[in-house]
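Okay, entry_24.txt is below, compact mmCIF, C-alpha atoms and all ligand atoms:
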# COMPACT_ATOMS: atom_id res chain seq x y z
CA MET D 364 42.71 -14.18 10.18
CA LYS D 365 41.18 -14.96 6.79
CA THR D 366 39.13 -18.11 6.73
CA LYS D 367 38.54 -19.73 3.37
CA LEU D 368 35.24 -18.33 2.27
CA PRO D 369 33.84 -18.04 -1.22
CA ASP D 370 34.29 -14.77 -3.04
CA LEU D 371 31.26 -12.72 -3.81
CA PRO D 372 30.77 -11.57 -7.39
CA ALA D 373 32.26 -8.12 -7.83
CA HIS D 374 28.96 -6.60 -8.88
CA LEU D 375 27.58 -7.38 -5.44
CA ILE D 376 30.35 -5.72 -3.50
CA THR D 377 31.03 -2.63 -5.59
CA PRO D 378 28.49 0.16 -5.84
CA GLU D 379 25.96 -0.97 -8.38
CA PRO D 380 26.34 0.94 -11.62
CA VAL D 381 23.33 3.09 -12.11
CA TYR D 382 22.92 1.78 -15.63
CA ARG D 383 21.87 -1.56 -14.29
CA ALA D 384 19.05 -0.16 -12.23
CA ARG D 385 18.06 1.98 -15.17
CA ARG D 386 18.05 -1.00 -17.53
CA GLN D 387 15.93 -2.88 -15.05
CA LEU D 388 13.51 0.01 -14.76
CA MET D 389 13.33 0.39 -18.52
CA GLN D 390 12.34 -3.25 -18.72
CA LEU D 391 9.62 -2.42 -16.25
CA GLY D 392 8.58 0.65 -18.19
CA LEU D 393 9.57 2.79 -15.22
CA ALA D 394 12.49 4.70 -16.68
CA SER D 395 11.03 8.14 -16.07
CA PRO D 396 10.63 7.94 -12.25
CA LEU D 397 14.42 7.62 -12.13
CA LEU D 398 14.60 11.26 -13.09
CA ALA D 399 12.76 12.07 -9.87
CA LEU D 400 15.46 10.70 -7.58
CA ALA D 401 14.33 12.68 -4.56
CA GLY D 402 17.08 12.99 -1.98
CA CYS D 403 19.28 10.77 -4.07
CA ALA D 404 22.10 13.22 -4.71
CA GLY D 405 24.94 10.75 -5.04
CA ALA D 406 23.18 8.16 -7.10
CA GLU D 407 23.89 9.58 -10.53
CA ASP D 408 27.63 9.88 -10.04
CA ALA D 409 28.11 6.81 -7.87
CA GLY D 410 30.16 5.11 -10.52
CA THR D 411 30.48 4.50 -14.18
CA PRO D 412 29.65 1.03 -15.41
CA ALA D 413 32.65 -1.23 -14.93
CA PRO D 414 32.67 -3.93 -17.62
CA ALA D 415 35.45 -5.74 -15.73
CA ALA D 416 33.27 -6.08 -12.68
CA THR D 417 30.48 -7.54 -14.75
CA ALA D 418 32.85 -10.03 -16.31
CA ALA D 419 34.26 -10.97 -12.91
CA ALA D 420 30.75 -11.59 -11.63
CA GLY D 421 30.23 -14.18 -14.28
CA ALA D 422 33.67 -15.71 -13.94
CA SER D 423 33.95 -16.03 -10.17
CA GLY D 424 32.02 -19.27 -10.06
CA ALA D 425 31.11 -18.48 -6.46
CA ALA D 426 27.65 -17.25 -7.31
CA PRO D 427 25.19 -20.00 -6.51
CA GLY D 428 22.73 -19.97 -9.34
CA SER D 429 21.43 -16.73 -10.74
CA GLU D 430 22.55 -13.37 -9.42
CA GLU D 431 19.89 -11.61 -11.42
CA LEU D 432 18.21 -8.76 -9.63
CA THR D 433 14.91 -9.60 -8.04
CA ARG D 434 12.15 -7.90 -9.99
CA PHE D 435 10.95 -4.65 -8.45
CA GLU D 436 7.39 -5.99 -8.48
CA ASP D 437 8.40 -8.98 -6.37
CA ALA D 438 10.64 -7.03 -3.97
CA SER D 439 7.79 -4.61 -3.31
CA SER D 440 4.93 -7.12 -3.04
CA TYR D 441 6.39 -10.10 -1.13
CA ASN D 442 7.37 -8.53 2.19
CA ASN D 443 7.77 -9.00 5.89
CA PHE D 444 6.60 -5.93 7.78
CA TYR D 445 4.49 -7.20 10.65
CA GLU D 446 3.29 -3.71 11.55
CA PHE D 447 1.03 -4.15 8.52
CA GLY D 448 0.14 -7.80 9.04
CA THR D 449 1.93 -11.12 8.99
CA GLY D 450 0.98 -12.18 5.45
CA LYS D 451 3.49 -11.61 2.69
CA ALA D 452 1.01 -9.53 0.71
CA ASP D 453 -0.20 -7.50 3.71
CA PRO D 454 2.51 -4.80 3.69
CA ALA D 455 1.95 -3.90 0.03
CA ARG D 456 -1.79 -3.94 0.61
CA TYR D 457 -1.93 -1.93 3.83
CA ALA D 458 1.21 0.22 4.06
CA GLY D 459 -0.44 3.04 2.14
CA THR D 460 -1.42 4.51 5.51
CA LEU D 461 2.24 4.96 6.52
CA GLU D 462 3.28 8.62 6.33
CA PRO D 463 7.00 8.70 5.51
CA SER D 464 7.07 12.47 5.25
CA PRO D 465 7.64 14.53 7.31
CA TRP D 466 9.94 12.19 9.25
CA SER D 467 12.48 12.65 11.99
CA VAL D 468 14.82 10.41 13.90
CA VAL D 469 15.69 10.67 17.60
CA VAL D 470 19.34 9.98 18.30
CA GLY D 471 20.15 9.26 21.93
CA GLY D 472 22.34 7.49 24.42
CA GLU D 473 26.12 7.38 24.59
CA ALA D 474 26.99 10.13 22.14
CA GLU D 475 28.07 13.76 22.30
CA VAL D 476 25.50 14.86 19.76
CA THR D 477 21.94 13.76 20.52
CA GLY D 478 18.48 15.10 19.73
CA THR D 479 15.69 14.94 17.18
CA PHE D 480 16.85 15.29 13.59
CA PRO D 481 14.64 15.86 10.55
CA LEU D 482 15.30 13.24 7.90
CA GLU D 483 16.48 15.92 5.48
CA ASP D 484 19.33 16.79 7.88
CA LEU D 485 20.39 13.16 8.19
CA LEU D 486 20.46 12.88 4.41
CA LYS D 487 22.93 15.77 4.22
CA ILE D 488 25.55 13.93 6.28
CA THR D 489 26.98 11.95 3.39
CA ALA D 490 26.25 11.12 -0.25
CA VAL D 491 23.73 8.50 -1.22
CA GLN D 492 25.37 5.41 -2.68
CA ASP D 493 24.15 2.51 -4.80
CA ARG D 494 24.58 -0.94 -3.25
CA THR D 495 23.20 -4.16 -4.62
CA TYR D 496 22.93 -6.74 -1.87
CA ARG D 497 21.49 -10.16 -1.29
CA LEU D 498 18.80 -10.20 1.39
CA ARG D 499 18.38 -13.62 3.03
CA CYS D 500 15.27 -14.21 5.13
CA VAL D 501 15.46 -16.81 7.87
CA GLU D 502 12.36 -18.37 6.27
CA GLY D 503 14.56 -19.65 3.43
CA TRP D 504 14.01 -17.20 0.59
CA SER D 505 16.33 -14.52 -0.67
CA MET D 506 16.34 -11.56 -3.01
CA VAL D 507 18.96 -9.44 -4.76
CA ILE D 508 18.03 -5.79 -4.36
CA PRO D 509 19.67 -2.62 -5.70
CA TRP D 510 19.47 -0.22 -2.76
CA GLN D 511 20.30 3.44 -2.44
CA GLY D 512 21.38 4.72 0.94
CA LEU D 513 23.96 6.15 3.31
CA PRO D 514 26.73 4.05 4.80
CA LEU D 515 25.50 3.80 8.41
CA GLY D 516 28.99 4.34 9.86
CA GLU D 517 29.32 7.70 8.11
CA VAL D 518 26.05 8.80 9.66
CA LEU D 519 26.83 7.51 13.16
CA LYS D 520 30.23 9.25 13.28
CA ARG D 521 28.43 12.55 12.98
CA PHE D 522 26.96 12.00 16.47
CA LYS D 523 30.34 11.38 18.09
CA PRO D 524 29.59 8.19 20.03
CA THR D 525 31.45 8.09 23.37
CA SER D 526 33.84 5.32 24.40
CA ARG D 527 30.98 3.74 26.35
CA ALA D 528 28.98 3.16 23.14
CA LYS D 529 29.37 -0.57 22.48
CA TYR D 530 26.11 -1.19 20.61
CA VAL D 531 23.60 0.68 18.48
CA ALA D 532 19.87 0.11 19.00
CA PHE D 533 17.23 0.88 16.38
CA THR D 534 13.48 1.34 16.85
CA THR D 535 10.68 1.28 14.28
CA LEU D 536 7.71 3.63 14.38
CA ALA D 537 4.78 2.14 16.31
CA ASP D 538 1.70 4.18 15.46
CA PRO D 539 -1.57 2.22 15.49
CA ARG D 540 -3.17 4.93 13.37
CA GLN D 541 -0.72 4.23 10.54
CA MET D 542 0.00 0.56 11.23
CA PRO D 543 -2.99 -1.80 11.40
CA GLY D 544 -0.81 -4.77 12.38
CA LEU D 545 -0.10 -3.24 15.79
CA ARG D 546 -3.51 -4.53 16.83
CA TYR D 547 -2.02 -8.00 16.98
CA PRO D 548 0.54 -8.87 19.61
CA SER D 549 2.64 -10.80 17.06
CA ILE D 550 5.62 -8.81 18.34
CA ASP D 551 6.13 -6.76 21.50
CA TRP D 552 5.91 -3.39 19.70
CA PRO D 553 7.84 -1.35 18.78
CA TYR D 554 10.01 -3.53 16.53
CA ARG D 555 13.57 -3.27 17.82
CA GLU D 556 16.93 -4.28 16.45
CA GLY D 557 20.56 -3.75 17.32
CA LEU D 558 24.12 -4.12 16.13
CA ARG D 559 27.47 -4.22 17.84
CA MET D 560 29.32 -0.96 17.21
CA ASP D 561 31.87 -2.51 14.82
CA GLU D 562 29.05 -4.11 12.83
CA ALA D 563 27.25 -0.78 12.64
CA MET D 564 30.44 0.98 11.49
CA HIS D 565 31.25 -1.67 8.87
CA PRO D 566 31.25 -0.16 5.36
CA LEU D 567 28.74 -2.74 4.06
CA THR D 568 26.08 -1.62 6.55
CA LEU D 569 23.60 0.68 4.86
CA LEU D 570 20.85 3.05 5.95
CA ALA D 571 18.67 2.65 2.91
CA THR D 572 16.50 5.45 1.58
CA GLY D 573 15.63 3.97 -1.79
CA MET D 574 15.68 0.93 -4.01
CA TYR D 575 15.72 0.46 -7.80
CA GLY D 576 16.46 4.19 -8.09
CA LYS D 577 13.22 5.21 -6.41
CA PRO D 578 12.34 6.27 -2.87
CA LEU D 579 11.67 3.23 -0.66
CA PRO D 580 8.13 1.94 -1.05
CA ASN D 581 6.30 2.10 2.28
CA GLN D 582 6.15 -1.70 2.45
CA ASN D 583 9.95 -1.88 2.21
CA GLY D 584 10.46 0.42 5.19
CA ALA D 585 10.10 4.03 4.04
CA PRO D 586 11.64 6.43 4.55
CA LEU D 587 14.67 4.92 6.27
CA ARG D 588 15.61 1.30 6.96
CA LEU D 589 18.68 -0.66 7.84
CA VAL D 590 20.28 -3.16 5.44
CA VAL D 591 22.89 -5.53 6.92
CA PRO D 592 23.53 -7.95 4.06
CA TRP D 593 25.46 -10.64 5.95
CA LYS D 594 22.71 -11.08 8.55
CA TYR D 595 19.25 -12.59 8.26
CA GLY D 596 16.65 -10.21 6.89
CA PHE D 597 14.97 -9.50 10.21
CA LYS D 598 18.01 -7.50 11.36
CA SER D 599 17.23 -5.03 8.54
CA ILE D 600 14.77 -2.99 10.56
CA LYS D 601 12.31 -0.78 8.70
CA SER D 602 10.90 2.74 9.14
CA ILE D 603 13.40 3.77 11.83
CA ILE D 604 12.46 6.57 14.22
CA ARG D 605 15.12 6.08 16.92
CA ILE D 606 18.82 5.31 17.06
CA ASP D 607 20.44 4.84 20.50
CA PHE D 608 24.07 4.26 21.37
CA THR D 609 24.20 1.84 24.30
CA GLU D 610 26.75 0.25 26.57
CA ALA D 611 24.80 -3.01 27.04
CA MET D 612 23.58 -5.32 24.29
CA PRO D 613 20.12 -3.96 23.44
CA PRO D 614 16.97 -6.13 23.45
CA THR D 615 15.87 -7.12 19.94
CA SER D 616 12.35 -8.10 18.90
CA TRP D 617 12.85 -11.61 17.56
CA ASN D 618 15.26 -12.54 20.31
CA MET D 619 12.72 -11.32 22.89
CA LEU D 620 10.03 -13.44 21.24
CA GLN D 621 11.98 -16.67 20.65
CA PRO D 622 15.48 -16.56 22.15
CA GLU D 623 16.25 -20.17 21.15
CA GLU D 624 15.40 -19.40 17.54
CA TYR D 625 16.85 -15.93 17.08
CA GLY D 626 20.14 -14.76 18.52
CA PHE D 627 21.44 -11.23 18.69
CA TYR D 628 24.01 -11.72 15.94
CA SER D 629 21.93 -13.67 13.42
CA ASN D 630 24.70 -13.89 10.87
CA VAL D 631 23.65 -15.99 7.90
CA ASN D 632 25.10 -19.42 8.64
CA PRO D 633 24.25 -22.59 6.71
CA ASP D 634 25.81 -24.66 9.52
CA VAL D 635 23.42 -23.45 12.23
CA ASP D 636 19.84 -24.41 11.54
CA HIS D 637 16.86 -22.51 12.81
CA PRO D 638 14.77 -24.98 14.83
CA ARG D 639 12.00 -24.79 12.25
CA TRP D 640 13.94 -24.17 9.03
CA SER D 641 17.17 -25.58 7.65
CA GLN D 642 19.51 -22.76 6.69
CA ARG D 643 21.50 -24.93 4.23
CA SER D 644 19.84 -23.58 1.13
CA GLU D 645 17.50 -20.91 -0.08
CA ARG D 646 15.14 -20.05 -2.88
CA ARG D 647 16.09 -16.93 -4.76
CA ILE D 648 13.27 -14.64 -5.73
CA ALA D 649 14.87 -13.29 -8.81
CA GLY D 650 15.02 -11.93 -12.23
CA THR D 651 13.23 -13.28 -15.17
CA ALA D 652 11.98 -16.52 -13.63
CA SER D 653 8.37 -17.00 -14.60
CA LYS D 654 7.62 -18.42 -11.18
CA LEU D 655 8.19 -16.44 -7.97
CA PHE D 656 10.78 -18.81 -6.54
CA ALA D 657 13.75 -20.03 -8.54
CA GLU D 658 15.48 -23.31 -7.85
CA ARG D 659 17.04 -23.97 -4.45
CA ILE D 660 20.65 -22.76 -4.15
CA PRO D 661 23.15 -23.27 -1.33
CA THR D 662 23.25 -20.61 1.36
CA LEU D 663 26.71 -19.14 1.90
CA PRO D 664 28.33 -18.32 5.25
CA PHE D 665 27.70 -14.65 6.03
CA ASN D 666 25.42 -14.66 2.98
CA GLY D 667 28.53 -14.60 0.77
CA TYR D 668 30.10 -11.53 2.42
CA GLY D 669 32.48 -13.52 4.62
CA ASP D 670 35.67 -12.21 3.06
CA GLN D 671 34.61 -8.77 4.25
CA VAL D 672 32.98 -9.47 7.60
CA ALA D 673 34.22 -12.78 9.02
CA GLY D 674 37.01 -10.89 10.79
CA LEU D 675 34.43 -9.15 12.98
CA TYR D 676 33.76 -12.52 14.63
CA ALA D 677 37.29 -13.88 14.90
CA GLY D 678 37.57 -16.14 17.93
CA MET D 679 33.80 -16.28 18.48
CA ASP D 680 31.97 -19.60 18.48
CA LEU D 681 29.31 -18.91 15.86
CA ARG D 682 27.15 -21.77 17.14
CA GLN D 683 27.00 -20.18 20.54
CA TRP D 684 26.68 -16.63 19.20
CA TYR D 685 24.03 -17.42 16.58
N1 LIG D 701 9.91 -2.90 11.50
C1 LIG D 701 10.06 -4.07 10.88
N2 LIG D 701 11.20 -4.30 10.19
C2 LIG D 701 11.38 -5.49 9.55
C3 LIG D 701 10.39 -6.51 9.62
C4 LIG D 701 9.20 -6.23 10.36
O1 LIG D 701 8.28 -7.05 10.47
N3 LIG D 701 9.07 -4.99 10.95
N4 LIG D 701 10.62 -7.73 9.01
C5 LIG D 701 12.03 -8.10 8.77
C6 LIG D 701 12.19 -9.30 7.98
S1 LIG D 701 11.84 -10.78 8.73
C7 LIG D 701 12.71 -9.27 6.70
S2 LIG D 701 13.06 -10.72 5.87
C8 LIG D 701 12.94 -7.98 6.00
C9 LIG D 701 12.17 -7.97 4.70
O2 LIG D 701 12.48 -6.82 3.95
P1 LIG D 701 11.74 -6.59 2.56
O3 LIG D 701 10.27 -6.71 2.78
O4 LIG D 701 12.15 -5.20 2.14
O5 LIG D 701 12.25 -7.64 1.62
O6 LIG D 701 12.53 -6.85 6.79
C10 LIG D 701 12.83 -6.95 8.16
N5 LIG D 701 12.52 -5.69 8.82
MO MO D 702 12.81 -12.43 7.43

Would you mind writing the file's structure down as structure tokens?
Ligand SMILES: Nc1nc2c(c(=O)[nH]1)N[C@H]1C(S)=C(S)[C@@H](COP(=O)(O)O)O[C@H]1N2
Ligand SMILES: [Mo]
Amino acid sequence: MKTKLPDLPAHLITPEPVYRARRQLMQLGLASPLLALAGCAGAEDAGTPAPAATAAAGASGAAPGSEELTRFEDASSYNNFYEFGTGKADPARYAGTLEPSPWSVVVGGEAEVTGTFPLEDLLKITAVQDRTYRLRCVEGWSMVIPWQGLPLGEVLKRFKPTSRAKYVAFTTLADPRQMPGLRYPSIDWPYREGLRMDEAMHPLTLLATGMYGKPLPNQNGAPLRLVVPWKYGFKSIKSIIRIDFTEAMPPTSWNMLQPEEYGFYSNVNPDVDHPRWSQRSERRIAGTASKLFAERIPTLPFNGYGDQVAGLYAGMDLRQWY
């Protein structure tokens, strides 16, 4: 059942102590916005700092290179959000026109409870948690981001999916008035993603509402985005307006565009190269490095979360189901 996969440092699998985000923000001179944790009820009591966890992180030896947090400035200025353009700086430059409030999400498909739900109601389902995760883009860069959000599974349970619900499909807003990138047919809008039900219910899967102790910046997918840390970044769909429970595997944007390059599963896998990019290694955008990209580090199977998620794919050929 358990394959031999490297352990992930404890600080990346336990809820991130709030002190760390606070320390980071103090370094940035942003300590005060933390006090305005809108809709972030659970964040303050998510956990007391655990010195043991910090020690374990350093001692595990499994961390390739630095596990420093990516700087907030980098995580919010080097983005992929094609609805605002395909350049890395475009989302930060143009996402000011996105209106994350008021916001509602349509829940449909194979569930007993369906309808249109104001974001505030979704946020009442369960407490916001702190989760620091690696985000690995298929382009070969990665970040370490302290997110705040709701475990997706806790939210989905509330809608009582039926036994026919095998997958969950997610859809991003597609409003040309708010999103200048929709002018270009870079993607068949709206941006779509999907997970198998057990992936969606997995405790690591997060519906993020904030990062670094602040509401999500528009360019990072305000007000609600998915974070699936063991999959390539493009699975982490931004600015979600629709969640559908489906019986069939749902179409997903990158798979529709380039099926040979992007599979449905898209689990981080150094052994399966993207036709245009090797997935063996990555450049971490992190911490105190004076340059944007740190040195190249090896990419880990399932982005380092294999001990928690490899079981979801037991018996599957991961080359075939890339
Ligand atoms: N709606 C939407 N979601 C999206 C994207 C996008 O273009 N549109 N880009 C994806 C890709 S390729 C990555 S790597 C991550 C980047 O998230 P970040 O900008 O918060 O680091 O968002 C993903 N989610
Ligand atoms: Mo990406």

Pick out the residues no farther than 8 Å from ligand MO 702 (chain D), counting all atoms listed in the file, and list them as a ChimeraX atom specification. /D:443,499-502,595-597

For each of D:Gln621, D:Ser644, D:Thr495, D:Ser467, take the minimum atom-to-atom distance to Glu483 (chain D), counting only C-alpha atoms, then give the residue where this is smallest. D:Ser467

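Here the question is which of D:Tyr676, D:Trp466, D:Trp640, D:Tyr625 gets nearest to Phe480 (chain D) using all atoms listed in the file, and that residue is D:Trp466.
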
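Of note, CA of Asp561 (chain D) and CA of Lys529 (chain D) are spaced 8.3 Å apart.
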
Give me the residues within 10 Å of region 627-629 of chain D as a list in words, counting only C-alpha atoms and dropping any in the same chain fewer than 6 places off. Val501, Glu556, Gly557, Leu558, Arg559, Glu562, Trp593, Lys594, Tyr595, Gly596, Phe597, Lys598, Met612, Pro613, Pro614, Thr615, Ser616, Trp617, Asn618, Met619, Val635, Phe665, Tyr676, Leu681, Trp684 and Tyr685 of chain D

List all protein, DNA and RNA residues that have any atom at most 6 Å from ligand LIG 701 (chain D), counting all atoms listed in the file, and write the list as a compact mmCIF listing (two decimals) with C-alpha atoms, keeping the file's coordinate frame.
# COMPACT_ATOMS: atom_id res chain seq x y z
CA ALA D 438 10.64 -7.03 -3.97
CA ASN D 442 7.37 -8.53 2.19
CA ASN D 443 7.77 -9.00 5.89
CA PHE D 444 6.60 -5.93 7.78
CA TYR D 445 4.49 -7.20 10.65
CA GLU D 446 3.29 -3.71 11.55
CA CYS D 500 15.27 -14.21 5.13
CA THR D 535 10.68 1.28 14.28
CA TYR D 554 10.01 -3.53 16.53
CA ASN D 583 9.95 -1.88 2.21
CA GLY D 596 16.65 -10.21 6.89
CA PHE D 597 14.97 -9.50 10.21
CA SER D 599 17.23 -5.03 8.54
CA ILE D 600 14.77 -2.99 10.56
CA LYS D 601 12.31 -0.78 8.70

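Shortest separation to Ala571 (chain D) among D:Ser439, D:Ser602, D:Thr449, D:Asn632 occurs at residue D:Ser602, atoms counted being only C-alpha atoms.
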
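Nearest residue to Arg643 (chain D), choosing from D:Ala657, D:Leu620, D:Leu663, D:Gly626 and counting only C-alpha atoms: D:Leu663.
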
Skip Ile606 (chain D) itself and residues of its chain fewer than 4 positions away, then list as a list in words all residues within 7 Å of it, counting only C-alpha atoms. Val469, Val470, Gly471, Val531, Ala532, Phe533 and Thr534 of chain D

Considering all atoms listed in the file, state which residue in the set D:Pro633, D:Pro454, D:Pro539, D:Gly448 is at the smallest distance from Pro661 (chain D). D:Pro633

Interatomic distance between CA of Phe435 (chain D) and CA of Leu567 (chain D)? 21.8 Å

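If you measure from each of D:Pro580, D:Pro566, D:Gly544, D:Pro664 to Ser440 (chain D) using only C-alpha atoms, the closest one turns out to be D:Pro580.
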
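Coordinates place CA of Met574 (chain D) at a distance of 18.9 Å from CA of Val518 (chain D).
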
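Once all atoms listed in the file are considered, the residues situated within 10 Å of the file point (17.4, 13.8, 7.6) turn out to be Gly402, Pro465, Trp466, Ser467, Val468, Thr479, Phe480, Pro481, Leu482, Glu483, Asp484, Leu485, Leu486, Lys487, Ile488, Pro586 and Leu587 of chain D.
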